[in-house]
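Peer 1: Quick one: the structure is below, and I'll ask about it shortly.
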Amino acid sequence: MKKTIIAIFAVTVLFLQGTLAWAWNDLSRNFIEDRLVEKGLQRSLAQAMLNDSRVSLRPDIIIQNLFYSSPRGSEERPSVMNIDPRHIENGRIFIRENQEFLSSLEKRFGTSPQIITAILIVESRLGTYPMPYNVVTAYTNMAFLLDPDYFRRIQELYSEEYPLLYDDATISRAHRRAKWALEELYHLSQIANKLSIDPVSIMGSFAGAMGPAQFIPSTFNSYGIDGDGDGIASPFNMQDAKASMAHYLKRSGWSEKASIGKKRKAIFHYNRSEIYVNTIMMLYEELSKSEVEVQEPLQIMPEDLIIY
């Protein structure tokens, strides 16, 4: 974890040193605007979003998405993320305090309180982890990689620290990520419109995930449901987030009676990382233990939870 923090800090320093003298050009902005309009967004809304002063140049977000987006295990247990045992205890408290609603989701979708809580622990520390990134800024910077000049400047800025920026596999991934970000930017605008909120006010992760369940916009548009009965499905509402997670897991094949392999496959749909799946299954098992079993000491490194 310390290495990851140091690396991201170095990226931020490079960003502060190197980006003051350059910016994306109007051609890049117009290209993104035209693509959003093609998808069905009103041009006035696309212009307002892309020209907002809160949408900033953040090439460090590009680096984080290209090189730090996958969960990492600890040195002691490379196959599992570091989890502070306090988060597991908080998870048990969370289940007790939300038992009625979580049980209703289990009856409706077949998802136990333990699996919903396990994912919430990793994704947002049960909804308590701060979301420091402007989501429109994150998606816009990634989408601008479709501009060869912008990506070339990223390569020039960070080539010494990240020589893989010139690797064909990285270049291909950057292009795929850019097209994906453009699609997510459109879905984000749709969610903001449904909720009658300013899209540029939305905060999330550097990958553009939002709310306590860390949904990306397109996934929430497909699987998000109203959990608290107010007639609105919002990724920022905890009840809606829990219900949407249960809906998504069921559609991905989750069942409490399913085999371990089928359960793992359902979680893999949520985050396509074996380390992530291993971590969620470990938490699921820990949260499923009886009070007597909980008395046994946890064999987990007492470090802060790593959030991706």
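Labels used: A, B, ... for chains in the order of the structure tokens, numbers from 1 for residues in each chain, and numbers from 1 for ligands as shown.
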Which of region 104-225 of chain A end up as alpha helix (DSSP H) when DSSP is run on this backbone - answer as a short mmCIF file (atom, residue, chain, number, x, y, z; two decimals) with N, CA and C atoms, in the first residue's frame?
Peer 2:
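Printed below is out_11.cif as written:
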data_model
loop_
_atom_site.label_atom_id
_atom_site.label_comp_id
_atom_site.auth_asym_id
_atom_site.auth_seq_id
_atom_site.Cartn_x
_atom_site.Cartn_y
_atom_site.Cartn_z
N SER A 104 -34.93 -8.31 3.69
CA SER A 104 -35.92 -8.15 2.63
C SER A 104 -35.28 -8.31 1.26
N LEU A 105 -34.04 -7.86 1.12
CA LEU A 105 -33.33 -8.04 -0.15
C LEU A 105 -33.01 -9.50 -0.38
N GLU A 106 -32.68 -10.21 0.69
CA GLU A 106 -32.39 -11.64 0.54
C GLU A 106 -33.62 -12.40 0.07
N LYS A 107 -34.79 -12.06 0.60
CA LYS A 107 -36.02 -12.71 0.18
C LYS A 107 -36.34 -12.39 -1.28
N ARG A 108 -36.03 -11.18 -1.70
CA ARG A 108 -36.37 -10.75 -3.06
C ARG A 108 -35.35 -11.21 -4.10
N PHE A 109 -34.06 -11.14 -3.74
CA PHE A 109 -33.01 -11.41 -4.73
C PHE A 109 -32.13 -12.62 -4.41
N PRO A 113 -27.34 -10.78 3.67
CA PRO A 113 -26.76 -9.56 4.24
C PRO A 113 -25.23 -9.59 4.20
N GLN A 114 -24.66 -10.79 4.32
CA GLN A 114 -23.20 -10.91 4.39
C GLN A 114 -22.53 -10.54 3.06
N ILE A 115 -23.11 -10.95 1.93
CA ILE A 115 -22.46 -10.64 0.65
C ILE A 115 -22.61 -9.16 0.30
N ILE A 116 -23.77 -8.59 0.59
CA ILE A 116 -23.96 -7.16 0.34
C ILE A 116 -22.99 -6.34 1.19
N THR A 117 -22.87 -6.72 2.46
CA THR A 117 -21.99 -5.99 3.38
C THR A 117 -20.53 -6.17 3.02
N ALA A 118 -20.15 -7.37 2.59
CA ALA A 118 -18.75 -7.61 2.20
C ALA A 118 -18.33 -6.68 1.07
N ILE A 119 -19.19 -6.53 0.07
CA ILE A 119 -18.86 -5.66 -1.06
C ILE A 119 -18.82 -4.20 -0.62
N LEU A 120 -19.75 -3.80 0.23
CA LEU A 120 -19.77 -2.42 0.71
C LEU A 120 -18.52 -2.09 1.53
N ILE A 121 -17.99 -3.07 2.26
CA ILE A 121 -16.76 -2.84 3.02
C ILE A 121 -15.62 -2.49 2.08
N VAL A 122 -15.46 -3.26 1.02
CA VAL A 122 -14.35 -3.04 0.09
C VAL A 122 -14.58 -1.78 -0.75
N GLU A 123 -15.80 -1.58 -1.20
CA GLU A 123 -16.06 -0.49 -2.13
C GLU A 123 -16.03 0.89 -1.47
N SER A 124 -16.51 1.01 -0.25
CA SER A 124 -16.61 2.36 0.33
C SER A 124 -16.55 2.39 1.85
N VAL A 135 -16.17 13.37 -11.03
CA VAL A 135 -16.38 12.27 -11.96
C VAL A 135 -16.36 12.75 -13.41
N VAL A 136 -16.93 13.91 -13.70
CA VAL A 136 -16.87 14.43 -15.07
C VAL A 136 -15.42 14.68 -15.48
N THR A 137 -14.62 15.22 -14.57
CA THR A 137 -13.20 15.43 -14.86
C THR A 137 -12.51 14.10 -15.15
N ALA A 138 -12.81 13.07 -14.37
CA ALA A 138 -12.18 11.76 -14.58
C ALA A 138 -12.52 11.20 -15.96
N TYR A 139 -13.79 11.19 -16.30
CA TYR A 139 -14.19 10.62 -17.59
C TYR A 139 -13.73 11.48 -18.76
N THR A 140 -13.77 12.79 -18.60
CA THR A 140 -13.35 13.68 -19.69
C THR A 140 -11.87 13.51 -20.01
N ASN A 141 -11.04 13.46 -18.97
CA ASN A 141 -9.61 13.28 -19.20
C ASN A 141 -9.32 11.95 -19.89
N MET A 142 -10.02 10.90 -19.47
CA MET A 142 -9.82 9.60 -20.13
C MET A 142 -10.31 9.63 -21.56
N ALA A 143 -11.46 10.28 -21.79
CA ALA A 143 -12.01 10.35 -23.14
C ALA A 143 -11.09 11.13 -24.08
N PRO A 148 -4.93 12.02 -30.41
CA PRO A 148 -3.52 11.57 -30.44
C PRO A 148 -2.56 12.59 -29.84
N ASP A 149 -2.82 13.88 -30.04
CA ASP A 149 -1.93 14.89 -29.50
C ASP A 149 -1.96 14.91 -27.97
N TYR A 150 -3.13 14.72 -27.41
CA TYR A 150 -3.25 14.70 -25.95
C TYR A 150 -2.51 13.49 -25.37
N PHE A 151 -2.70 12.32 -25.98
CA PHE A 151 -2.01 11.13 -25.48
C PHE A 151 -0.50 11.25 -25.67
N ARG A 152 -0.08 11.88 -26.76
CA ARG A 152 1.35 12.07 -26.99
C ARG A 152 1.96 12.95 -25.90
N ARG A 153 1.20 13.94 -25.45
CA ARG A 153 1.70 14.82 -24.38
C ARG A 153 1.77 14.06 -23.05
N ILE A 154 0.84 13.17 -22.82
CA ILE A 154 0.88 12.32 -21.63
C ILE A 154 2.14 11.46 -21.66
N GLN A 155 2.43 10.89 -22.82
CA GLN A 155 3.64 10.07 -22.95
C GLN A 155 4.88 10.89 -22.67
N GLU A 156 4.96 12.10 -23.19
CA GLU A 156 6.13 12.96 -22.98
C GLU A 156 6.30 13.33 -21.51
N LEU A 157 5.20 13.60 -20.85
CA LEU A 157 5.26 14.00 -19.44
C LEU A 157 5.73 12.88 -18.53
N TYR A 158 5.25 11.66 -18.80
CA TYR A 158 5.44 10.57 -17.84
C TYR A 158 6.30 9.42 -18.34
N ASP A 168 2.80 -1.17 -26.96
CA ASP A 168 1.59 -1.32 -27.79
C ASP A 168 0.38 -1.74 -26.96
N ALA A 169 0.60 -2.60 -25.98
CA ALA A 169 -0.51 -3.07 -25.16
C ALA A 169 -1.12 -1.93 -24.35
N THR A 170 -0.25 -1.05 -23.81
CA THR A 170 -0.74 0.10 -23.04
C THR A 170 -1.47 1.08 -23.94
N ILE A 171 -0.93 1.32 -25.13
CA ILE A 171 -1.57 2.23 -26.08
C ILE A 171 -2.95 1.71 -26.46
N SER A 172 -3.04 0.40 -26.69
CA SER A 172 -4.33 -0.20 -27.03
C SER A 172 -5.31 -0.09 -25.87
N ARG A 173 -4.82 -0.32 -24.66
CA ARG A 173 -5.67 -0.21 -23.49
C ARG A 173 -6.15 1.22 -23.29
N ALA A 174 -5.27 2.18 -23.52
CA ALA A 174 -5.64 3.59 -23.38
C ALA A 174 -6.75 3.95 -24.35
N HIS A 175 -6.67 3.42 -25.57
CA HIS A 175 -7.71 3.72 -26.57
C HIS A 175 -9.04 3.10 -26.15
N ARG A 176 -9.00 1.86 -25.66
CA ARG A 176 -10.24 1.21 -25.21
C ARG A 176 -10.82 1.96 -24.01
N ARG A 177 -9.94 2.38 -23.12
CA ARG A 177 -10.40 3.10 -21.93
C ARG A 177 -11.03 4.43 -22.30
N ALA A 178 -10.49 5.07 -23.33
CA ALA A 178 -11.02 6.35 -23.78
C ALA A 178 -12.43 6.19 -24.34
N LYS A 179 -12.63 5.18 -25.16
CA LYS A 179 -13.96 4.94 -25.72
C LYS A 179 -14.96 4.57 -24.62
N TRP A 180 -14.49 3.79 -23.67
CA TRP A 180 -15.34 3.42 -22.52
C TRP A 180 -15.72 4.66 -21.72
N ALA A 181 -14.77 5.56 -21.48
CA ALA A 181 -15.02 6.77 -20.70
C ALA A 181 -16.03 7.67 -21.39
N LEU A 182 -15.96 7.75 -22.71
CA LEU A 182 -16.92 8.56 -23.46
C LEU A 182 -18.33 8.02 -23.27
N GLU A 183 -18.47 6.71 -23.31
CA GLU A 183 -19.77 6.08 -23.09
C GLU A 183 -20.27 6.35 -21.67
N GLU A 184 -19.37 6.25 -20.69
CA GLU A 184 -19.76 6.48 -19.30
C GLU A 184 -20.14 7.94 -19.05
N LEU A 185 -19.47 8.84 -19.75
CA LEU A 185 -19.79 10.26 -19.60
C LEU A 185 -21.23 10.53 -20.06
N TYR A 186 -21.63 9.86 -21.13
CA TYR A 186 -23.01 9.99 -21.60
C TYR A 186 -23.99 9.44 -20.56
N HIS A 187 -23.72 8.25 -20.05
CA HIS A 187 -24.61 7.65 -19.05
C HIS A 187 -24.64 8.50 -17.77
N LEU A 188 -23.53 9.10 -17.43
CA LEU A 188 -23.50 9.97 -16.25
C LEU A 188 -24.45 11.15 -16.44
N SER A 189 -24.45 11.73 -17.64
CA SER A 189 -25.34 12.86 -17.91
C SER A 189 -26.80 12.43 -17.81
N GLN A 190 -27.08 11.18 -18.21
CA GLN A 190 -28.44 10.66 -18.12
C GLN A 190 -28.88 10.50 -16.67
N ILE A 191 -27.99 9.99 -15.83
CA ILE A 191 -28.31 9.83 -14.41
C ILE A 191 -28.54 11.19 -13.76
N ALA A 192 -27.68 12.14 -14.07
CA ALA A 192 -27.82 13.48 -13.50
C ALA A 192 -29.15 14.10 -13.92
N ASN A 193 -29.53 13.87 -15.17
CA ASN A 193 -30.81 14.41 -15.66
C ASN A 193 -31.99 13.79 -14.92
N LYS A 194 -31.96 12.47 -14.71
CA LYS A 194 -33.04 11.79 -14.00
C LYS A 194 -33.15 12.28 -12.56
N LEU A 195 -32.01 12.56 -11.94
CA LEU A 195 -32.01 12.98 -10.54
C LEU A 195 -32.13 14.49 -10.38
N PRO A 217 -21.60 4.57 -14.21
CA PRO A 217 -22.91 5.03 -14.69
C PRO A 217 -23.68 4.05 -15.56
N SER A 218 -23.02 3.40 -16.52
CA SER A 218 -23.75 2.50 -17.41
C SER A 218 -24.33 1.31 -16.66
N THR A 219 -23.60 0.80 -15.68
CA THR A 219 -24.09 -0.33 -14.90
C THR A 219 -25.29 0.08 -14.06
N PHE A 220 -25.20 1.27 -13.45
CA PHE A 220 -26.34 1.70 -12.65
C PHE A 220 -27.56 1.98 -13.53
N ASN A 221 -27.34 2.52 -14.70
CA ASN A 221 -28.47 2.75 -15.61
C ASN A 221 -29.16 1.44 -15.99
N SER A 222 -28.40 0.35 -16.01
CA SER A 222 -28.96 -0.94 -16.39
C SER A 222 -29.57 -1.70 -15.21
N TYR A 223 -28.96 -1.56 -14.01
CA TYR A 223 -29.36 -2.40 -12.89
C TYR A 223 -29.83 -1.61 -11.66
#
Peer 1: Find the residues around region 248-259 of chain A up to 8 Å (only C-alpha atoms counted), leave out those fewer than 4 positions away in its own chain, and share them as a list in words.
Peer 2: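 What passes the distance filter is Phe109, Gly110, Thr111, Ser112, Tyr223, Ser244, Lys263, Lys265, Ala266, Ile267, His269 and Tyr270 of chain A.
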Peer 1: Write the residues of the selection above to a file with C-alpha atoms, as a PDB file, in the first residue's frame.
Peer 2:
ATOM      1  CA  PHE A 109     -33.014 -11.409  -4.733  1.00  0.00           C
ATOM      2  CA  GLY A 110     -31.413 -14.300  -2.852  1.00  0.00           C
ATOM      3  CA  THR A 111     -28.476 -12.175  -1.679  1.00  0.00           C
ATOM      4  CA  SER A 112     -27.551 -12.534   1.977  1.00  0.00           C
ATOM      5  CA  TYR A 223     -29.362  -2.395 -12.887  1.00  0.00           C
ATOM      6  CA  SER A 244     -29.160  -2.284  -6.837  1.00  0.00           C
ATOM      7  CA  LYS A 263     -20.609 -17.346  -6.497  1.00  0.00           C
ATOM      8  CA  LYS A 265     -18.183 -15.839 -11.071  1.00  0.00           C
ATOM      9  CA  ALA A 266     -20.990 -13.501  -9.955  1.00  0.00           C
ATOM     10  CA  ILE A 267     -18.570 -11.393  -7.904  1.00  0.00           C
ATOM     11  CA  HIS A 269     -18.826  -9.525 -12.820  1.00  0.00           C
ATOM     12  CA  TYR A 270     -18.738  -6.794 -10.164  1.00  0.00           C
TER      13      TYR A 270
END
Peer 1: Can you tell me which residues surround Gly224 (chain A) at a distance of at most 8 Å, considering only C-alpha atoms, apart from same-chain residues fewer than 6 positions away, and format the answer as a PDB file with N, CA and C atoms, in the first residue's frame?
Peer 2:
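Output below, filename selection29.pdb:
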ATOM      1  N   ALA A 233     -34.366   5.977  -8.290  1.00  0.00           N
ATOM      2  CA  ALA A 233     -33.190   5.124  -8.129  1.00  0.00           C
ATOM      3  C   ALA A 233     -31.944   5.990  -8.195  1.00  0.00           C
ATOM      4  N   SER A 234     -31.235   6.095  -7.091  1.00  0.00           N
ATOM      5  CA  SER A 234     -30.047   6.945  -7.030  1.00  0.00           C
ATOM      6  C   SER A 234     -28.849   6.139  -6.547  1.00  0.00           C
ATOM      7  N   PRO A 235     -27.702   6.224  -7.245  1.00  0.00           N
ATOM      8  CA  PRO A 235     -26.511   5.500  -6.791  1.00  0.00           C
ATOM      9  C   PRO A 235     -25.930   6.077  -5.505  1.00  0.00           C
ATOM     10  N   ASP A 240     -30.953   2.508  -1.984  1.00  0.00           N
ATOM     11  CA  ASP A 240     -30.974   2.226  -3.419  1.00  0.00           C
ATOM     12  C   ASP A 240     -29.726   1.464  -3.839  1.00  0.00           C
ATOM     13  N   ALA A 241     -28.587   1.844  -3.274  1.00  0.00           N
ATOM     14  CA  ALA A 241     -27.328   1.185  -3.617  1.00  0.00           C
ATOM     15  C   ALA A 241     -27.354  -0.286  -3.215  1.00  0.00           C
ATOM     16  N   ALA A 243     -30.018  -2.213  -2.727  1.00  0.00           N
ATOM     17  CA  ALA A 243     -30.980  -2.924  -3.561  1.00  0.00           C
ATOM     18  C   ALA A 243     -30.424  -3.154  -4.966  1.00  0.00           C
ATOM     19  N   SER A 244     -29.734  -2.165  -5.491  1.00  0.00           N
ATOM     20  CA  SER A 244     -29.160  -2.284  -6.837  1.00  0.00           C
ATOM     21  C   SER A 244     -28.049  -3.325  -6.865  1.00  0.00           C
ATOM     22  N   MET A 245     -27.259  -3.399  -5.797  1.00  0.00           N
ATOM     23  CA  MET A 245     -26.226  -4.429  -5.693  1.00  0.00           C
ATOM     24  C   MET A 245     -26.862  -5.817  -5.709  1.00  0.00           C
ATOM     25  N   HIS A 247     -29.761  -6.678  -6.915  1.00  0.00           N
ATOM     26  CA  HIS A 247     -30.302  -6.903  -8.260  1.00  0.00           C
ATOM     27  C   HIS A 247     -29.201  -7.322  -9.224  1.00  0.00           C
TER      28      HIS A 247
END
Peer 1: Here is a test: counting only C-alpha atoms, which residue of A:Ala246, A:Tyr68, A:Phe268, A:Asp198 is nearest to Leu45 (chain A)?
Peer 2: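 Smallest separation from Leu45 (chain A) among the options: A:Asp198.
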Peer 1: Tell me which of A:Phe236, A:Arg272, A:Leu145, A:Asn278 sits closest to Ile62 (chain A), counting only C-alpha atoms.
Peer 2: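 Of all the options, A:Leu145 lies closest to Ile62 (chain A).
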Peer 1: Mind checking DSSP for region 61-264 of chain A and telling me the strand (DSSP E) residues as a ChimeraX atom specification?
Peer 2: /A:133-134,203-204
Peer 1: If I take CA of Ser290 (chain A) and CA of Arg92 (chain A), how far is one from the other in Å, to one decimal?
Peer 2: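 These two atoms are separated by 10.7 Å.
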Peer 1: Can you tell me, as a VMD selection string, what residues are no more than 12 Å from Ile93 (chain A) when counting only C-alpha atoms, ignoring any on the same chain fewer than 2 positions away?
Peer 2: chain A and resid 86 to 91 95 to 99 113 to 114 117 121 126 287
Peer 1: Could you please take those selected residues and save N, CA and C atoms as an mmCIF file, in the first residue's frame?
Peer 2:
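Produced file result_35.cif, reproduced below:
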data_model
loop_
_atom_site.group_PDB
_atom_site.id
_atom_site.type_symbol
_atom_site.label_atom_id
_atom_site.label_comp_id
_atom_site.auth_asym_id
_atom_site.auth_seq_id
_atom_site.Cartn_x
_atom_site.Cartn_y
_atom_site.Cartn_z
ATOM 1 N N ARG A 86 -11.000 -4.140 11.984
ATOM 2 C CA ARG A 86 -12.050 -3.243 12.477
ATOM 3 C C ARG A 86 -13.169 -3.085 11.459
ATOM 4 N N HIS A 87 -12.835 -3.168 10.171
ATOM 5 C CA HIS A 87 -13.863 -3.028 9.141
ATOM 6 C C HIS A 87 -14.796 -4.237 9.137
ATOM 7 N N ILE A 88 -14.252 -5.397 9.508
ATOM 8 C CA ILE A 88 -15.087 -6.585 9.586
ATOM 9 C C ILE A 88 -16.041 -6.476 10.763
ATOM 10 N N GLU A 89 -15.543 -5.996 11.878
ATOM 11 C CA GLU A 89 -16.411 -5.790 13.036
ATOM 12 C C GLU A 89 -17.476 -4.740 12.725
ATOM 13 N N ASN A 90 -17.075 -3.685 12.023
ATOM 14 C CA ASN A 90 -18.061 -2.678 11.601
ATOM 15 C C ASN A 90 -19.105 -3.301 10.677
ATOM 16 N N GLY A 91 -18.672 -4.269 9.863
ATOM 17 C CA GLY A 91 -19.599 -4.962 8.983
ATOM 18 C C GLY A 91 -20.636 -5.753 9.762
ATOM 19 N N ILE A 95 -24.670 -5.112 9.671
ATOM 20 C CA ILE A 95 -25.689 -6.133 9.406
ATOM 21 C C ILE A 95 -26.769 -6.099 10.481
ATOM 22 N N ARG A 96 -26.358 -5.986 11.736
ATOM 23 C CA ARG A 96 -27.346 -5.941 12.820
ATOM 24 C C ARG A 96 -28.238 -4.713 12.704
ATOM 25 N N GLU A 97 -27.625 -3.572 12.377
ATOM 26 C CA GLU A 97 -28.392 -2.328 12.325
ATOM 27 C C GLU A 97 -29.301 -2.254 11.096
ATOM 28 N N ASN A 98 -28.979 -3.003 10.052
ATOM 29 C CA ASN A 98 -29.764 -2.971 8.811
ATOM 30 C C ASN A 98 -30.403 -4.319 8.508
ATOM 31 N N GLN A 99 -30.599 -5.119 9.550
ATOM 32 C CA GLN A 99 -31.059 -6.492 9.370
ATOM 33 C C GLN A 99 -32.380 -6.585 8.606
ATOM 34 N N PRO A 113 -27.341 -10.782 3.670
ATOM 35 C CA PRO A 113 -26.760 -9.558 4.235
ATOM 36 C C PRO A 113 -25.234 -9.586 4.205
ATOM 37 N N GLN A 114 -24.662 -10.790 4.323
ATOM 38 C CA GLN A 114 -23.199 -10.913 4.386
ATOM 39 C C GLN A 114 -22.530 -10.538 3.064
ATOM 40 N N THR A 117 -22.870 -6.725 2.463
ATOM 41 C CA THR A 117 -21.992 -5.990 3.383
ATOM 42 C C THR A 117 -20.529 -6.169 3.017
ATOM 43 N N ILE A 121 -17.991 -3.073 2.258
ATOM 44 C CA ILE A 121 -16.764 -2.841 3.024
ATOM 45 C C ILE A 121 -15.623 -2.486 2.081
ATOM 46 N N LEU A 126 -18.386 0.809 3.893
ATOM 47 C CA LEU A 126 -19.789 0.901 4.296
ATOM 48 C C LEU A 126 -20.353 2.307 4.105
ATOM 49 N N LEU A 287 -18.010 -12.756 7.790
ATOM 50 C CA LEU A 287 -19.268 -12.174 8.254
ATOM 51 C C LEU A 287 -20.337 -13.231 8.477
#
